[in-house]
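Engineer: Could you have a look at this structure, given as structure tokens, before my questions?
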Amino acid sequence: MPLETAQTASLPKTPTGIAGFDEITLGGLPTGRPTLICGAAGCGKTLFAATFLVNGATLYGEPGVFISFEERAQDLAANFASLGYDFEALVAAGTIAVDHVHVERSEIEESGDYDLEGLFVRIGYAVDSIGAKRVVLDTIESLFSGFNDAAILRAELRRLFGWLKDRGLTAVITGERGEGQLTRQGLEEYISDCVILLDNRVIDQIATRRLRVVKYRGSAHGTNEYPFLIDAEGISVLPVTSSGLNRPVSNEIISTGIAGLDAMLRNGGFFRGSSLLLSGVAGTGKTTVSASFVNAACARGERCMFFVFEESAEEVCRNALSIGLELQQWVDAGLLRFEAARPSLFGLEMHLARMHRDVDRFKPSVVVVDPISAFRGPETDVHATLLRMVDLLKSRGITALFTSLRSASAELEGTEQALSSLMDSWIKLVDVEANGERNRVLYIIKSRGSSHSNQVREYRMTDHGIELIHAYIGPEGVLTGTARLAQEAREEAATVRRQQEINQRARELARRRAGLERQIADLQAAIEAESDEAQSLSREEQARTATLAEGRAAIAARRGFAE
Amino acid sequence: MITSSAEPRESATEPKRYHLRLYVAGQTTKSLMAIHNLKSFCETHLNGEYEIELIDLVENPRLAAGDQILAIPTLVRRLPEPLKRIIGDLSNTEKVLVGLDLQPRAKLP
């Protein structure tokens with residue numbers, strides 16, 4: 001047994017290639033050891049086992065043997081073809097061998113002591129024929145229905161597990177779940193090194209597939225129940241646990257696609273990788289704001305994923321068109337992907353699991369979930385689911401926008417209350433009813449790591465997107481809509497009136513000034529006239545004086561110097 | 001009358017009434033026991049109207065799938081139809097008789 005020596009540091013593991021499963025088992029199934037997959041009918045045991053085998057053959061270069069106790073080889077091939085596995089081609093290529101072990105009790109008579117060496121020989125032969133490293137036995141219970149002597153079977157089963165181990169085969173054995181224990185015989189789980197329990201639980205008419213690693217000798221493993229999916233793309237396990245809080249942060253700012261909203265934030269947008277909550281009552285345009293956000297991201301060339309739970313993708317596209325956002329072009333360009341599903345289609349876990357898978361496949365940088373309030377269920381479950389959803393997106397550095405429908409009356413709903421602490425930013429859309437009309441306003445409740453406007457802003461949906469308008473804030477409070485318009489009109493009229501008054505005053509002043517100036521001119525003229533008169537008087541006086549002097553001289557001359 | 005063959009073959013000469021095939025895996029106690037029990041059973045109950053083929057799966061493992069062999073030893077009644085299987089070392093003669101339709105099941109306790 002070469003494995004015993006190789007086991008010093010850590011147990012060697014064989015990857016299953018099943019998305020998520022190798023993560024929770026920290027590498028896969030124990031190499032060279034038997035693993036039991038148990039569960040009730042229809043849990044996906046056979047599929048799990050077959051996926052393990054096919055992935056081994058196609059991805060890891062490990063040929064595998066499928067020992068089927070229930071289905072014939074051709075039925076198996078047909079089953080797996082429906083999941084996209086070409087069993088027959090793999091068989092033809094010699095990387096997979098199938099042996100259908102048919103056990104028919106009615107044909108068998110037991111007489112004396114026997115063992116199951118024939119089965120060993122068959123497995124051994126199949127393994128040797130293709131050099132297999134992996135073996136699947138599906139389903140081991142069938143043996144018990146075929147033989148009477150349970151004591152021999154139990155002993156042989158024990159020997160079989162030991163034999164598989166001795167041969168260093170990584171084996172997957174499927175088993176039906178028994179009453180009150182993991183398997184019907186209550187034996188297999190003790191002789192397996194690893195036990196995986198599959199479950200398909202129905203709660204409130206919604207089925208959720210879950211997987212749990214019950215035991216794993218010599219290895220740590222995730223102990224939770226993990227939801228898993230079986231769909232056209234095979235099986236995927238979704239390790240959606242609450243991850244730690246050590247995530248990369250980004251200082252990059254991304255625009256919301258609404259200029260007015262960006263302007264309300266000091267940084268001009270939100271941090272990349274942050275989570276935004278957009279809450280509002282019905283008809284406040286939560287989806288429309290989301291569409292603007294997505295449109296802006298796509299325009300930047302980023303990949304976006306839009307999870308819609310209340311509308312179809314087509315409806316969202318059409319409705320966005322009404323505000324001038326053409327989302328279909330981004331869908332066509334492969335930048336935007338819609339995932340629409342009714343909330344009632346799956347359980348919460350399943351929704352989360354599905355989102356997890358879709359996000360990991362599409363690798364978007366922006367994700368919108370519209371709305372989270374569509375998730376119904378026990379409050380703790382909803383909260384836990386949303387917490388993990390936020391964690392899931394944050395841990396990948398994805399900017400997430402969640403919308404939440406609030407009922408008009410309630411102050412804060414439970415989920416909203418609980419969720420708000422998870423969110424980095426919270427924008428609230430409110431409708432204001434006054435004067436017989438309804439208007440929409442928004443405000444930013446919080447925005448971690450960035451100062452933001454404290455103003456309540458009215459916004460309108462126009463042909464070219466969402467526009468923010470300065471709300472009129474007067475002595476009577478915030479006025480919106482028509483009231484705002486009326487108030488603005490009133491103010492404008494007052495302004496005009498004031499202007500007219502001013503003009504009138506100005507004209508009057510001008511008139512008075514003109515009058516005064518006229519008076520000044522008159523007085524000036526009078527002064528000039530008087531000054532002229534004075535001059536002429538002066539001249540006359542001089543002339544008279546001169547004449548008098550002349551006269552006196554003449555008289556003096558005439559009198560002759562008689563005196 | 002016991003042939004040890006690599007390939008299961010149809011009898012070349014005129015077919016006997018009973019065509020039996022015994023699968024064993026190596027020379028284990030159970031195998032030897034089964035061979036011994038089968039021989040004495042046939043001599044006692046089948047009156048020369050039989051042919052036995054002995055297949056050792058250790059030598060020919062690929063033959064196990066053909067007759068859907070799981071348990072060892074397994075005795076397969078090829079002829080007459082229908083095909084019958086008896087597993088075990090054949091120590092219980094009563095059950096072998098039932099298994100080969102030589103005695104109706106109802107007589108069993």
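Residues in the structure tokens are numbered from 1 in each chain, the chains being A, B, ... in the order shown, and ligands are numbered from 1 in the order shown.
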Give me, as a tab-separated table, each residue of chain B that comes within 7 Å of chain A, together with its shortest interatomic pair and the distance in Å at one decimal, counting only C-alpha atoms, with rows ordered by chain and rising residue number.

Structural biologist:
residue	atom	partner	partner_atom	distance
B:Ala25	CA	A:Glu117	CA	7.0
B:Leu57	CA	A:Val121	CA	6.9
B:Pro61	CA	A:Val121	CA	5.8
B:Arg62	CA	A:Tyr125	CA	6.4
B:Ala64	CA	A:Arg122	CA	6.1
B:Ala65	CA	A:Arg122	CA	6.7
B:Gln68	CA	A:His102	CA	6.2
B:Ile69	CA	A:Gly118	CA	5.5
B:Leu70	CA	A:Gly118	CA	4.2
B:Ala71	CA	A:Leu116	CA	4.2
B:Ile72	CA	A:Asp115	CA	5.4
B:Pro73	CA	A:Tyr114	CA	6.1
B:Lys84	CA	A:Glu107	CA	5.7
B:Arg85	CA	A:Ile108	CA	4.8
B:Ile86	CA	A:Glu109	CA	4.5
B:Ile87	CA	A:Glu110	CA	4.9
B:Gly88	CA	A:Tyr114	CA	4.3
B:Asp89	CA	A:Gly112	CA	5.0
B:Leu90	CA	A:Ser111	CA	4.9
B:Ser91	CA	A:Gly112	CA	5.1
B:Asn92	CA	A:Ser111	CA	5.1
B:Lys95	CA	A:Ser111	CA	5.7
B:Val96	CA	A:Ser111	CA	6.4
B:Gly99	CA	A:Glu109	CA	5.5

Engineer: Have a look at A:Ala171, A:Leu164, A:Val289, A:Leu265 and name the one nearest to Gly465 of chain A; count only C-alpha atoms.

Structural biologist: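 Looking only at the distances to Gly465 of chain A, the closest residue turns out to be A:Val289.
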
Engineer: DSSP on the backbone: which residues in segment 247-310 of chain A end up as helix (DSSP H, G or I)? Give the answer as JSON, numbers by chain.

Structural biologist: {"A": [259, 260, 261, 262, 263, 286, 287, 288, 289, 290, 291, 292, 293, 294, 295, 296, 297, 298, 299]}

Engineer: Could you check which of A:Ser453, A:Gln205, A:Gln328, A:Ser322 is closest to Gly268 of chain A, using only C-alpha atoms?

Structural biologist: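 The shortest atom-to-atom distance to Gly268 of chain A comes from A:Ser453.
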
Engineer: For Val136 of chain A, list every protein, DNA or RNA residue within 10 Å, evaluated using only C-alpha atoms, and leave out those in the same chain fewer than 2 positions away; present the list as a PyMOL selection string.

Structural biologist: chain A and resi 34-36+46+49-50+52-53+64-68+98+123+134+138-140+169-174

Engineer: Within segment 266-487 of chain A, find each residue whose DSSP state, derived from the backbone, is strand (DSSP E), and express the selection as a PyMOL selection string.

Structural biologist: chain A and resi 270-271+275-280+304-308+336-340+366-370+399-405+425-434+437-447+457-462+465-469+472-474+477-479

Engineer: Which residues are close to Tyr50 of chain B, i.e. within 6 Å by only C-alpha atoms, leaving aside same-chain residues fewer than 2 positions away? Reply as number ranges by chain.

Structural biologist: B: 16-19, 48

Engineer: For Pro227 of chain A, please output as a list of chain:residue names all residues within 9 Å (counting only C-alpha atoms; exclusion window: fewer than 4 positions along the same chain).

Structural biologist: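 Near Pro227 of chain A, the qualifying residues are A:Thr208, A:Arg209, A:Arg210, A:Leu211, A:Arg212, A:Ser236, A:Val237, A:Leu238, A:Pro239, A:Val240, A:Glu349, A:Met350, A:Leu352, A:Ala353.
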
Engineer: Please determine, counting only C-alpha atoms, which residue among B:Gly66, B:Leu83, B:Leu22, B:Asn37 has the shortest atom-to-atom distance to Leu54 of chain B.

Structural biologist: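 Closest to Leu54 of chain B of all the choices is B:Leu22.
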
Engineer: Atom CA of Leu387 of chain A and atom CA of Leu419 of chain A are how many Å apart?

Structural biologist: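 Pair atom CA of Leu387 of chain A / atom CA of Leu419 of chain A returns 7.6 Å.
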
Engineer: In terms of the shortest atom-to-atom distance over only C-alpha atoms, which of B:Glu43, B:Ile35, B:Tyr23, B:Leu75 is closest to Ile55 of chain B?

Structural biologist: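 Closest to Ile55 of chain B of all the choices is B:Tyr23.
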
Engineer: Quick one: distance from atom CA of Ala81 of chain A to atom CA of Ser145 of chain A in Å, one decimal?

Structural biologist: 28.8 Å
